[in-house]
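Visitor: My questions will all concern the structure given below.
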Amino acid sequence: MPNYIAHACGAVEPGYTYSNSKEAFLTSIERGYEFIEVDLDTTRDGVLVASHDWESFNINANQAELQDSMLSLEEFKNSVIYGKYTPITIEEIVDTLLKYPNVAIVTDKISDITILDKYFSEIKDRVYVESFSIEDYTQLRNAGYHAMYSNQIVDLFPVIIENLVDGNTRIDFIVNYTNDDFQEIHRIKCLMPFKIAMFSSNSPDFINEHLGIDIDLIYTDYYNPSDGSFIK
């Protein structure tokens, strides 16, 4: 499994992270990422687009006066991120993924299977969804998606124990924070061979210390898989 996930589509250049832009998405593919995280939100007229949330999108698009107001699809497409980047819609994301069969998408904002199936039914085997409850995790797995269980669940360790005892839909993928206690990660991995995806880091020292040992995948902004370096 590739080790790196392009965080919020990755960074085209230093200083411009979390853009979820078309340029970042395409640049990450060109650099050789096989996992690209895209934050998804819905426009005022019900279209799925790449955005972490409307307040941060409006700030990044130099229209902070709109605060957390939802935009229409037309308003979204007419916005400019950081004064230079292009917003990207779900249709453009899916069309691009169909051209690059080795690339998978990771997301943590939408777990409604009805919405996901509307857009990803043809490529659900390449869609990784962070879930925030056992129920969501089970439904996503049963629907054919790669479910990633979030550590934002309170008391994760007892939930894992309960899951082992219950025997239903084994949890095999967990998302974690870089500032979490690695002792708990070791405890969890001793129970079952989980995959651990952790966000986020651009520190070569941190990544070299933990990647492949404590964690399996790392969300990052500046790594360049094509040459193994971090862009500066």
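For the structure tokens, the naming scheme is as follows: chains receive sequential letters (A, B, ...) according to their order of presentation, residues are indexed from 1 within each chain, and ligands are indexed from 1 in presentation order.
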From the DSSP assignment of the backbone, select every residue of chain A that is strand (DSSP E or B), and format the answer as a PDB file with C-alpha atoms, in the first residue's frame.

Guide:
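What follows is the written file selection.pdb:
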ATOM      1  CA  TYR A   4       1.246   8.997   1.570  1.00  0.00           C
ATOM      2  CA  ILE A   5      -2.129  10.749   1.310  1.00  0.00           C
ATOM      3  CA  ALA A   6      -2.284  14.196  -0.299  1.00  0.00           C
ATOM      4  CA  SER A  21      -8.468  22.946  -5.697  1.00  0.00           C
ATOM      5  CA  PHE A  35      -4.290   8.490  -2.274  1.00  0.00           C
ATOM      6  CA  ILE A  36      -5.765  11.986  -2.404  1.00  0.00           C
ATOM      7  CA  GLU A  37      -7.917  13.379   0.392  1.00  0.00           C
ATOM      8  CA  LEU A  40     -16.569  17.473   0.381  1.00  0.00           C
ATOM      9  CA  ASP A  41     -19.491  19.796   1.061  1.00  0.00           C
ATOM     10  CA  THR A  42     -22.809  20.602  -0.588  1.00  0.00           C
ATOM     11  CA  LEU A  48     -21.317  18.099  -4.017  1.00  0.00           C
ATOM     12  CA  VAL A  49     -18.093  20.104  -4.331  1.00  0.00           C
ATOM     13  CA  ALA A  50     -14.589  20.133  -2.851  1.00  0.00           C
ATOM     14  CA  ILE A  81      -9.022  30.164  -4.072  1.00  0.00           C
ATOM     15  CA  TYR A  85      -6.591  28.341  -7.764  1.00  0.00           C
ATOM     16  CA  PRO A  87     -12.536  25.217  -7.246  1.00  0.00           C
ATOM     17  CA  THR A  89     -16.725  19.926  -8.443  1.00  0.00           C
ATOM     18  CA  ALA A 104      -8.050   6.560  -4.808  1.00  0.00           C
ATOM     19  CA  ILE A 105      -9.988   9.307  -3.037  1.00  0.00           C
ATOM     20  CA  VAL A 106     -10.159   9.730   0.740  1.00  0.00           C
ATOM     21  CA  THR A 107     -12.829  11.822   2.457  1.00  0.00           C
ATOM     22  CA  VAL A 127     -13.235   5.489  -2.259  1.00  0.00           C
ATOM     23  CA  TYR A 128     -12.035   5.567   1.368  1.00  0.00           C
ATOM     24  CA  VAL A 129     -14.486   7.147   3.816  1.00  0.00           C
ATOM     25  CA  GLU A 130     -13.715   8.096   7.412  1.00  0.00           C
ATOM     26  CA  SER A 131     -16.644   7.061   9.597  1.00  0.00           C
ATOM     27  CA  HIS A 146     -13.337   1.268   2.200  1.00  0.00           C
ATOM     28  CA  ALA A 147     -14.377   2.414   5.677  1.00  0.00           C
ATOM     29  CA  MET A 148     -11.840   4.112   7.938  1.00  0.00           C
ATOM     30  CA  TYR A 149     -12.792   4.252  11.599  1.00  0.00           C
ATOM     31  CA  SER A 150     -12.118   7.633  13.204  1.00  0.00           C
ATOM     32  CA  PHE A 173      -8.631   0.746   9.234  1.00  0.00           C
ATOM     33  CA  ILE A 174      -8.292   3.556  11.797  1.00  0.00           C
ATOM     34  CA  VAL A 175      -7.622   7.266  11.304  1.00  0.00           C
ATOM     35  CA  ASN A 176      -5.543   8.937  13.994  1.00  0.00           C
ATOM     36  CA  TYR A 177      -3.882  12.235  14.966  1.00  0.00           C
ATOM     37  CA  LYS A 195      -3.955  -0.171   9.159  1.00  0.00           C
ATOM     38  CA  ILE A 196      -3.353   3.199  10.808  1.00  0.00           C
ATOM     39  CA  ALA A 197      -3.700   6.390   8.745  1.00  0.00           C
ATOM     40  CA  MET A 198      -2.493   9.489  10.603  1.00  0.00           C
ATOM     41  CA  PHE A 199      -2.888  13.192   9.913  1.00  0.00           C
ATOM     42  CA  LEU A 211       5.852   5.495   9.117  1.00  0.00           C
ATOM     43  CA  ILE A 215       1.482   4.037  11.288  1.00  0.00           C
ATOM     44  CA  LEU A 217      -0.228   5.975   5.919  1.00  0.00           C
ATOM     45  CA  ILE A 218       0.409   9.656   6.596  1.00  0.00           C
ATOM     46  CA  TYR A 219      -1.607  12.658   5.435  1.00  0.00           C
ATOM     47  CA  THR A 220       0.855  15.265   4.187  1.00  0.00           C
ATOM     48  CA  TYR A 223       5.760  15.387   0.008  1.00  0.00           C
ATOM     49  CA  ASN A 224       6.638  14.610  -3.601  1.00  0.00           C
ATOM     50  CA  SER A 229      11.492  14.784  -1.293  1.00  0.00           C
ATOM     51  CA  PHE A 230       9.467  17.527   0.380  1.00  0.00           C
TER      52      PHE A 230
END

Visitor: Could you go through segment 94-218 of chain A and tell me which residues DSSP, when run on the backbone, assigns to alpha helix (DSSP H), listing them as a PyMOL selection string?

Guide: chain A and resi 94-99+113-120+134-142+156-166+182-191+204-210

Visitor: Could you give me, as a PyMOL selection string, the residues within 12 Å of segment 67-76 of chain A, counting only C-alpha atoms and dropping anything in the same chain fewer than 4 positions from it?

Guide: chain A and resi 21+41-63+80-81+86-91

Visitor: Store the residues of this selection in a file with C-alpha atoms, as a JSON list (two decimals), in the first residue's frame.

Guide:
[["chain", "number", "residue", "atom", "x", "y", "z"],
["A", 21, "SER", "CA", -8.47, 22.95, -5.70],
["A", 41, "ASP", "CA", -19.49, 19.80, 1.06],
["A", 42, "THR", "CA", -22.81, 20.60, -0.59],
["A", 43, "THR", "CA", -23.71, 23.81, -2.41],
["A", 44, "ARG", "CA", -26.91, 25.71, -1.75],
["A", 45, "ASP", "CA", -28.46, 24.00, -4.77],
["A", 46, "GLY", "CA", -27.46, 20.53, -3.60],
["A", 47, "VAL", "CA", -24.31, 19.79, -5.63],
["A", 48, "LEU", "CA", -21.32, 18.10, -4.02],
["A", 49, "VAL", "CA", -18.09, 20.10, -4.33],
["A", 50, "ALA", "CA", -14.59, 20.13, -2.85],
["A", 51, "SER", "CA", -14.67, 22.30, 0.27],
["A", 52, "HIS", "CA", -13.80, 21.68, 3.91],
["A", 53, "ASP", "CA", -16.58, 24.02, 5.09],
["A", 54, "TRP", "CA", -18.14, 27.20, 3.76],
["A", 55, "GLU", "CA", -16.56, 29.57, 6.26],
["A", 56, "SER", "CA", -13.00, 28.47, 5.46],
["A", 57, "PHE", "CA", -13.78, 28.33, 1.74],
["A", 58, "ASN", "CA", -15.06, 31.90, 1.78],
["A", 59, "ILE", "CA", -12.01, 33.07, 3.70],
["A", 60, "ASN", "CA", -9.64, 31.35, 1.25],
["A", 61, "ALA", "CA", -11.63, 32.78, -1.68],
["A", 62, "ASN", "CA", -11.20, 36.34, -0.33],
["A", 63, "GLN", "CA", -14.89, 36.72, 0.46],
["A", 80, "VAL", "CA", -10.90, 31.92, -6.88],
["A", 81, "ILE", "CA", -9.02, 30.16, -4.07],
["A", 86, "THR", "CA", -9.75, 26.87, -9.29],
["A", 87, "PRO", "CA", -12.54, 25.22, -7.25],
["A", 88, "ILE", "CA", -13.35, 21.66, -8.29],
["A", 89, "THR", "CA", -16.72, 19.93, -8.44],
["A", 90, "ILE", "CA", -17.48, 16.28, -7.74],
["A", 91, "GLU", "CA", -18.15, 15.60, -11.41]]

Visitor: So how far away is atom CA of Phe132 of chain A from atom CA of Glu184 of chain A, in Å?

Guide: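 For atom CA of Glu184 of chain A relative to atom CA of Phe132 of chain A, the distance reads 18.5 Å.
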
Visitor: Tell me which of A:Gly15, A:Gly212, A:Pro2, A:Gly228 sits closest to Tyr33 of chain A, counting only C-alpha atoms.

Guide: A:Pro2

Visitor: Can you list, as a list in words, every protein, DNA or RNA residue that comes within 8 Å of Phe25 of chain A when you count only C-alpha atoms, leaving out same-chain residues fewer than 3 positions away?

Guide: Cys9, Gly10, Asn20, Ser21, Lys22, Ser28, Ile29 and Ile36 of chain A

Visitor: Would you mind reading off the distance between atom CA of Ser226 of chain A and atom CA of Arg31 of chain A, one decimal, in Å?

Guide: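 Separation of atom CA of Ser226 of chain A and atom CA of Arg31 of chain A: 5.3 Å.
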